[in-house]
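Novice: Got a structure for you, written out below as structure tokens; questions coming shortly.
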Amino acid sequence: MGRLDCNFLDKRLGGKYERPLYFDNYPCQKMPDYLDNFYMFRLTYHLLELFYTPIYQRDRADFPEYMLHHLMTWSLIFFSYSLNFIPIGAAVMLLHDVTDLAVSIFKLTVDITPVYVMIPAYVLMVTSWAYVRIWFFPTKVIGRLYEECYSMGECKNAPYNALNMLFSYLSCLCCLHVFWFYLMVKGMVRRLFMKKGFEEVAMAGHANVDHSQKEE
């Protein structure tokens with residue numbers, strides 16, 4: 001996405017604003033032409049995951065949390081698209097894609113590459129997750145949403161109840177990020193001190209590779 005087209009992207013995500021504008025001129029925000037197609041692709045993908053997971057992945061140890069994440073992800077995308085909350089929805093999805101890439105790299109190294117390859121991949125996954133999803137997402141995305149719509153009152157044209165739902169959805173997603181980060185760290189500790197496999201570490205991040213792949 002071009003920098004000039006996206007006043008809703010934080011400069012640390014490739015945008016040009018320290019304080020992005022998620023509801024500028026709502027509901028007639030200026031957006032890139034292809035953003036609608038991007039939304040349709042993600043909406044379809046996560047709908048597929050909602051059907052695929054309960055049929056083929058019911059034996060996962062974290063199946064309830066995994067399904068909850070898929071349900072929340074699809075609901076958020078559909079909800080934001082229906083109400084034209086597309087700028088903040090796109091920002092959340094792009095933010096999740098950053099960490100999904102790191103998780104995918106680690107999954108490729110699990111038990112098929114030497115330890116000196118797996119360890120850097122794990123460190124990359126954990127540090128990117130901690131920075132992007134544990135710190136940046138709640139402070140710079142949810143925090144900015146709260147500032148723009150509640151503190152400064154710049155979302156007057158947006159439905160107030162819908163904003164409350166969006167804020168609640170994103171807060172719950174943030175809690176899931178913390179939970180999966182705990183599983184990542186726990187898996188590494190078990191690997192180092194109890195000689196267990198790296199699979200549990202990868203399982204923690206797997207939910208966000210297959211959806212958000214990753215907004216979460």
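Chain identifiers are assigned as A, B, and so on, following the order in which chains appear in the structure tokens; residues are numbered from 1 within each chain, and ligands are numbered from 1 in order of appearance.
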Would you pick out the contacts of Phe41 in chain A at 12 Å or less, using only C-alpha atoms, so that residues sharing its chain but fewer than 2 positions from it are not included, and give the list as a PDB file with C-alpha atoms, in the first residue's frame?
Specialist:
```pdb
ATOM      1  CA  TYR A  34      -7.373  -2.787  -3.893  1.00  0.00           C
ATOM      2  CA  LEU A  35      -8.024  -2.818  -0.159  1.00  0.00           C
ATOM      3  CA  ASP A  36     -11.522  -4.162  -0.748  1.00  0.00           C
ATOM      4  CA  ASN A  37     -10.091  -7.167  -2.609  1.00  0.00           C
ATOM      5  CA  PHE A  38      -7.614  -7.750   0.201  1.00  0.00           C
ATOM      6  CA  TYR A  39     -10.517  -7.825   2.661  1.00  0.00           C
ATOM      7  CA  LEU A  43     -12.648 -13.027   4.805  1.00  0.00           C
ATOM      8  CA  THR A  44     -12.864 -16.066   2.521  1.00  0.00           C
ATOM      9  CA  TYR A  45      -9.678 -17.622   3.880  1.00  0.00           C
ATOM     10  CA  HIS A  46     -10.770 -17.427   7.495  1.00  0.00           C
ATOM     11  CA  LEU A  47     -14.219 -18.737   6.665  1.00  0.00           C
ATOM     12  CA  LEU A  48     -12.500 -21.769   5.139  1.00  0.00           C
ATOM     13  CA  TRP A  74     -13.524 -14.051  10.983  1.00  0.00           C
ATOM     14  CA  ILE A  77     -13.131  -9.056   9.594  1.00  0.00           C
ATOM     15  CA  PHE A  78     -16.818  -9.433   8.740  1.00  0.00           C
ATOM     16  CA  MET A  93      -4.424  -7.671   9.726  1.00  0.00           C
ATOM     17  CA  HIS A 211      -5.496 -17.544   9.619  1.00  0.00           C
ATOM     18  CA  SER A 212      -4.237 -14.101  10.182  1.00  0.00           C
ATOM     19  CA  GLN A 213      -2.830 -15.890   8.646  1.00  0.00           C
TER      20      GLN A 213
END
```
Novice: If we count only C-alpha atoms and set the cut-off at 10 Å, which residues sit around range 158-174 of chain A, ignoring sequence neighbours fewer than 6 positions away in its own chain? Please answer as number ranges by chain.
Specialist: A: 23, 25-27, 68-69, 72-73, 75-76, 79-80, 83-85, 88-89, 92, 133-135, 137-138, 141-143, 145-146, 149-150, 215-216
Novice: Counting only C-alpha atoms, which of A:Ala102, A:Leu95, A:Leu183, A:Leu176 gets nearest to Phe136 in chain A?
Specialist: A:Leu95
Novice: Please provide the set of residues having any atom within 9 Å of Glu148 in chain A, restricted to only C-alpha atoms, with same-chain residues fewer than 6 positions apart removed, written as a short mmCIF file (atom, residue, chain, number, x, y, z; two decimals) with N, CA, C and O atoms, in the first residue's frame.
Specialist:
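Output (result31.cif):
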```
data_model
loop_
_atom_site.label_atom_id
_atom_site.label_comp_id
_atom_site.auth_asym_id
_atom_site.auth_seq_id
_atom_site.Cartn_x
_atom_site.Cartn_y
_atom_site.Cartn_z
N LEU A 21 -5.05 7.72 11.58
CA LEU A 21 -6.45 8.15 11.62
C LEU A 21 -7.33 7.01 11.13
O LEU A 21 -7.45 6.79 9.93
N TYR A 22 -7.95 6.32 12.04
CA TYR A 22 -8.77 5.16 11.67
C TYR A 22 -10.18 5.56 11.21
O TYR A 22 -10.82 4.82 10.47
N PHE A 23 -10.65 6.71 11.67
CA PHE A 23 -12.02 7.12 11.36
C PHE A 23 -12.07 8.51 10.74
O PHE A 23 -13.05 9.23 10.92
N GLU A 154 -13.35 11.89 18.03
CA GLU A 154 -13.25 12.11 16.59
C GLU A 154 -14.02 11.08 15.77
O GLU A 154 -13.89 11.04 14.56
N CYS A 155 -14.80 10.24 16.43
CA CYS A 155 -15.57 9.20 15.72
C CYS A 155 -17.07 9.45 15.88
O CYS A 155 -17.85 8.51 16.08
#
```
Novice: Range 17-187 of chain A: which residues are helix (DSSP H, G or I) by DSSP, as a ChimeraX atom specification?
Specialist: /A:35-56,63-82,86-109,115-151,160-187
Novice: Quick one: write out the picked residues with C-alpha atoms as a CSV table (one decimal), in the first residue's frame?
Specialist:
```csv
chain,number,residue,atom,x,y,z
A,35,LEU,CA,-8.0,-2.8,-0.2
A,36,ASP,CA,-11.5,-4.2,-0.7
A,37,ASN,CA,-10.1,-7.2,-2.6
A,38,PHE,CA,-7.6,-7.8,0.2
A,39,TYR,CA,-10.5,-7.8,2.7
A,40,MET,CA,-12.5,-10.3,0.5
A,41,PHE,CA,-9.5,-12.6,0.3
A,42,ARG,CA,-9.0,-12.6,4.1
A,43,LEU,CA,-12.6,-13.0,4.8
A,44,THR,CA,-12.9,-16.1,2.5
A,45,TYR,CA,-9.7,-17.6,3.9
A,46,HIS,CA,-10.8,-17.4,7.5
A,47,LEU,CA,-14.2,-18.7,6.7
A,48,LEU,CA,-12.5,-21.8,5.1
A,49,GLU,CA,-10.5,-22.2,8.3
A,50,LEU,CA,-13.7,-22.2,10.4
A,51,PHE,CA,-14.9,-25.2,8.5
A,52,TYR,CA,-11.5,-27.0,8.1
A,53,THR,CA,-10.3,-26.9,11.7
A,54,PRO,CA,-13.2,-28.7,13.4
A,55,ILE,CA,-13.1,-31.4,10.8
A,56,TYR,CA,-9.4,-32.1,10.4
A,63,PHE,CA,-8.3,-26.9,19.9
A,64,PRO,CA,-10.8,-24.7,21.9
A,65,GLU,CA,-8.5,-21.7,21.9
A,66,TYR,CA,-7.6,-22.3,18.2
A,67,MET,CA,-11.3,-22.4,17.2
A,68,LEU,CA,-12.0,-19.3,19.4
A,69,HIS,CA,-9.2,-17.4,17.6
A,70,HIS,CA,-10.6,-18.4,14.1
A,71,LEU,CA,-14.1,-17.4,15.1
A,72,MET,CA,-13.0,-14.1,16.5
A,73,THR,CA,-10.8,-13.4,13.5
A,74,TRP,CA,-13.5,-14.1,11.0
A,75,SER,CA,-16.1,-12.1,13.1
A,76,LEU,CA,-13.8,-9.1,13.3
A,77,ILE,CA,-13.1,-9.1,9.6
A,78,PHE,CA,-16.8,-9.4,8.7
A,79,PHE,CA,-17.8,-6.9,11.4
A,80,SER,CA,-15.3,-4.3,10.4
A,81,TYR,CA,-16.1,-4.7,6.7
A,82,SER,CA,-19.9,-4.5,7.2
A,86,ILE,CA,-11.9,-1.0,7.1
A,87,PRO,CA,-8.9,1.2,8.0
A,88,ILE,CA,-8.4,-0.2,11.5
A,89,GLY,CA,-9.3,-3.7,10.3
A,90,ALA,CA,-6.6,-3.5,7.6
A,91,ALA,CA,-4.0,-2.2,10.1
A,92,VAL,CA,-4.8,-5.0,12.5
A,93,MET,CA,-4.4,-7.7,9.7
A,94,LEU,CA,-1.2,-6.3,8.4
A,95,LEU,CA,0.3,-6.1,11.9
A,96,HIS,CA,-0.6,-9.8,12.4
A,97,ASP,CA,1.0,-10.7,9.1
A,98,VAL,CA,4.4,-9.4,10.4
A,99,THR,CA,4.5,-11.9,13.2
A,100,ASP,CA,2.9,-14.7,11.1
A,101,LEU,CA,6.0,-14.6,8.9
A,102,ALA,CA,8.3,-15.1,11.8
A,103,VAL,CA,6.2,-18.0,13.1
A,104,SER,CA,6.2,-19.6,9.7
A,105,ILE,CA,10.0,-19.4,9.5
A,106,PHE,CA,10.3,-21.1,12.9
A,107,LYS,CA,7.8,-23.8,11.9
A,108,LEU,CA,10.0,-24.6,8.8
A,109,THR,CA,13.0,-25.2,11.1
A,115,VAL,CA,19.9,-26.3,16.7
A,116,TYR,CA,22.0,-23.3,15.7
A,117,VAL,CA,19.3,-22.6,13.0
A,118,MET,CA,16.3,-23.3,15.2
A,119,ILE,CA,17.4,-21.1,18.1
A,120,PRO,CA,17.7,-17.9,16.0
A,121,ALA,CA,14.3,-18.7,14.4
A,122,TYR,CA,12.8,-19.1,17.8
A,123,VAL,CA,14.3,-15.9,19.0
A,124,LEU,CA,13.0,-14.1,16.0
A,125,MET,CA,9.5,-15.5,16.5
A,126,VAL,CA,9.4,-14.6,20.2
A,127,THR,CA,10.9,-11.1,19.9
A,128,SER,CA,8.6,-10.2,17.0
A,129,TRP,CA,5.6,-11.5,18.9
A,130,ALA,CA,6.5,-9.7,22.1
A,131,TYR,CA,7.1,-6.4,20.3
A,132,VAL,CA,4.3,-6.4,17.8
A,133,ARG,CA,1.5,-8.3,19.5
A,134,ILE,CA,2.2,-7.8,23.2
A,135,TRP,CA,3.4,-4.2,23.1
A,136,PHE,CA,2.6,-2.5,19.8
A,137,PHE,CA,-0.9,-3.9,19.3
A,138,PRO,CA,-2.4,-2.9,22.6
A,139,THR,CA,-0.5,0.4,23.0
A,140,LYS,CA,-0.4,1.7,19.4
A,141,VAL,CA,-3.5,0.2,17.9
A,142,ILE,CA,-6.0,-0.3,20.7
A,143,GLY,CA,-4.6,2.7,22.5
A,144,ARG,CA,-4.9,4.9,19.4
A,145,LEU,CA,-8.5,3.6,18.9
A,146,TYR,CA,-9.4,4.6,22.4
A,147,GLU,CA,-7.7,8.0,22.1
A,148,GLU,CA,-9.4,8.8,18.7
A,149,CYS,CA,-12.9,7.7,19.5
A,150,TYR,CA,-13.3,8.0,23.3
A,151,SER,CA,-10.8,10.6,24.5
A,160,TYR,CA,-21.2,4.1,19.4
A,161,ASN,CA,-22.3,0.6,20.2
A,162,ALA,CA,-20.3,-0.8,17.3
A,163,LEU,CA,-17.2,1.0,18.6
A,164,ASN,CA,-17.7,-0.6,22.0
A,165,MET,CA,-17.9,-4.0,20.3
A,166,LEU,CA,-14.8,-3.4,18.2
A,167,PHE,CA,-12.9,-2.3,21.3
A,168,SER,CA,-14.0,-5.4,23.2
A,169,TYR,CA,-13.1,-7.7,20.3
A,170,LEU,CA,-9.6,-6.3,20.0
A,171,SER,CA,-9.1,-6.5,23.7
A,172,CYS,CA,-10.0,-10.2,23.7
A,173,LEU,CA,-7.7,-10.8,20.8
A,174,CYS,CA,-4.9,-9.1,22.8
A,175,CYS,CA,-5.5,-11.5,25.7
A,176,LEU,CA,-5.2,-14.5,23.3
A,177,HIS,CA,-1.9,-13.1,22.1
A,178,VAL,CA,-0.6,-13.1,25.7
A,179,PHE,CA,-1.8,-16.7,26.2
A,180,TRP,CA,-0.1,-17.9,23.0
A,181,PHE,CA,3.1,-16.1,24.0
A,182,TYR,CA,3.0,-18.0,27.3
A,183,LEU,CA,2.7,-21.3,25.4
A,184,MET,CA,5.7,-20.3,23.2
A,185,VAL,CA,7.9,-19.6,26.3
A,186,LYS,CA,6.6,-22.7,28.1
A,187,GLY,CA,7.4,-24.9,25.1
```
Novice: Find the distance between CA of Gly14 in chain A and CA of Met31 in chain A and write it in Å to one decimal.
Specialist: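 CA of Met31 in chain A lies at a distance of 15.0 Å from CA of Gly14 in chain A.
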Novice: CA of Val189 in chain A and CA of Ile112 in chain A, how far apart in Å?
Specialist: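 Going from CA of Ile112 in chain A over to CA of Val189 in chain A covers 19.5 Å.
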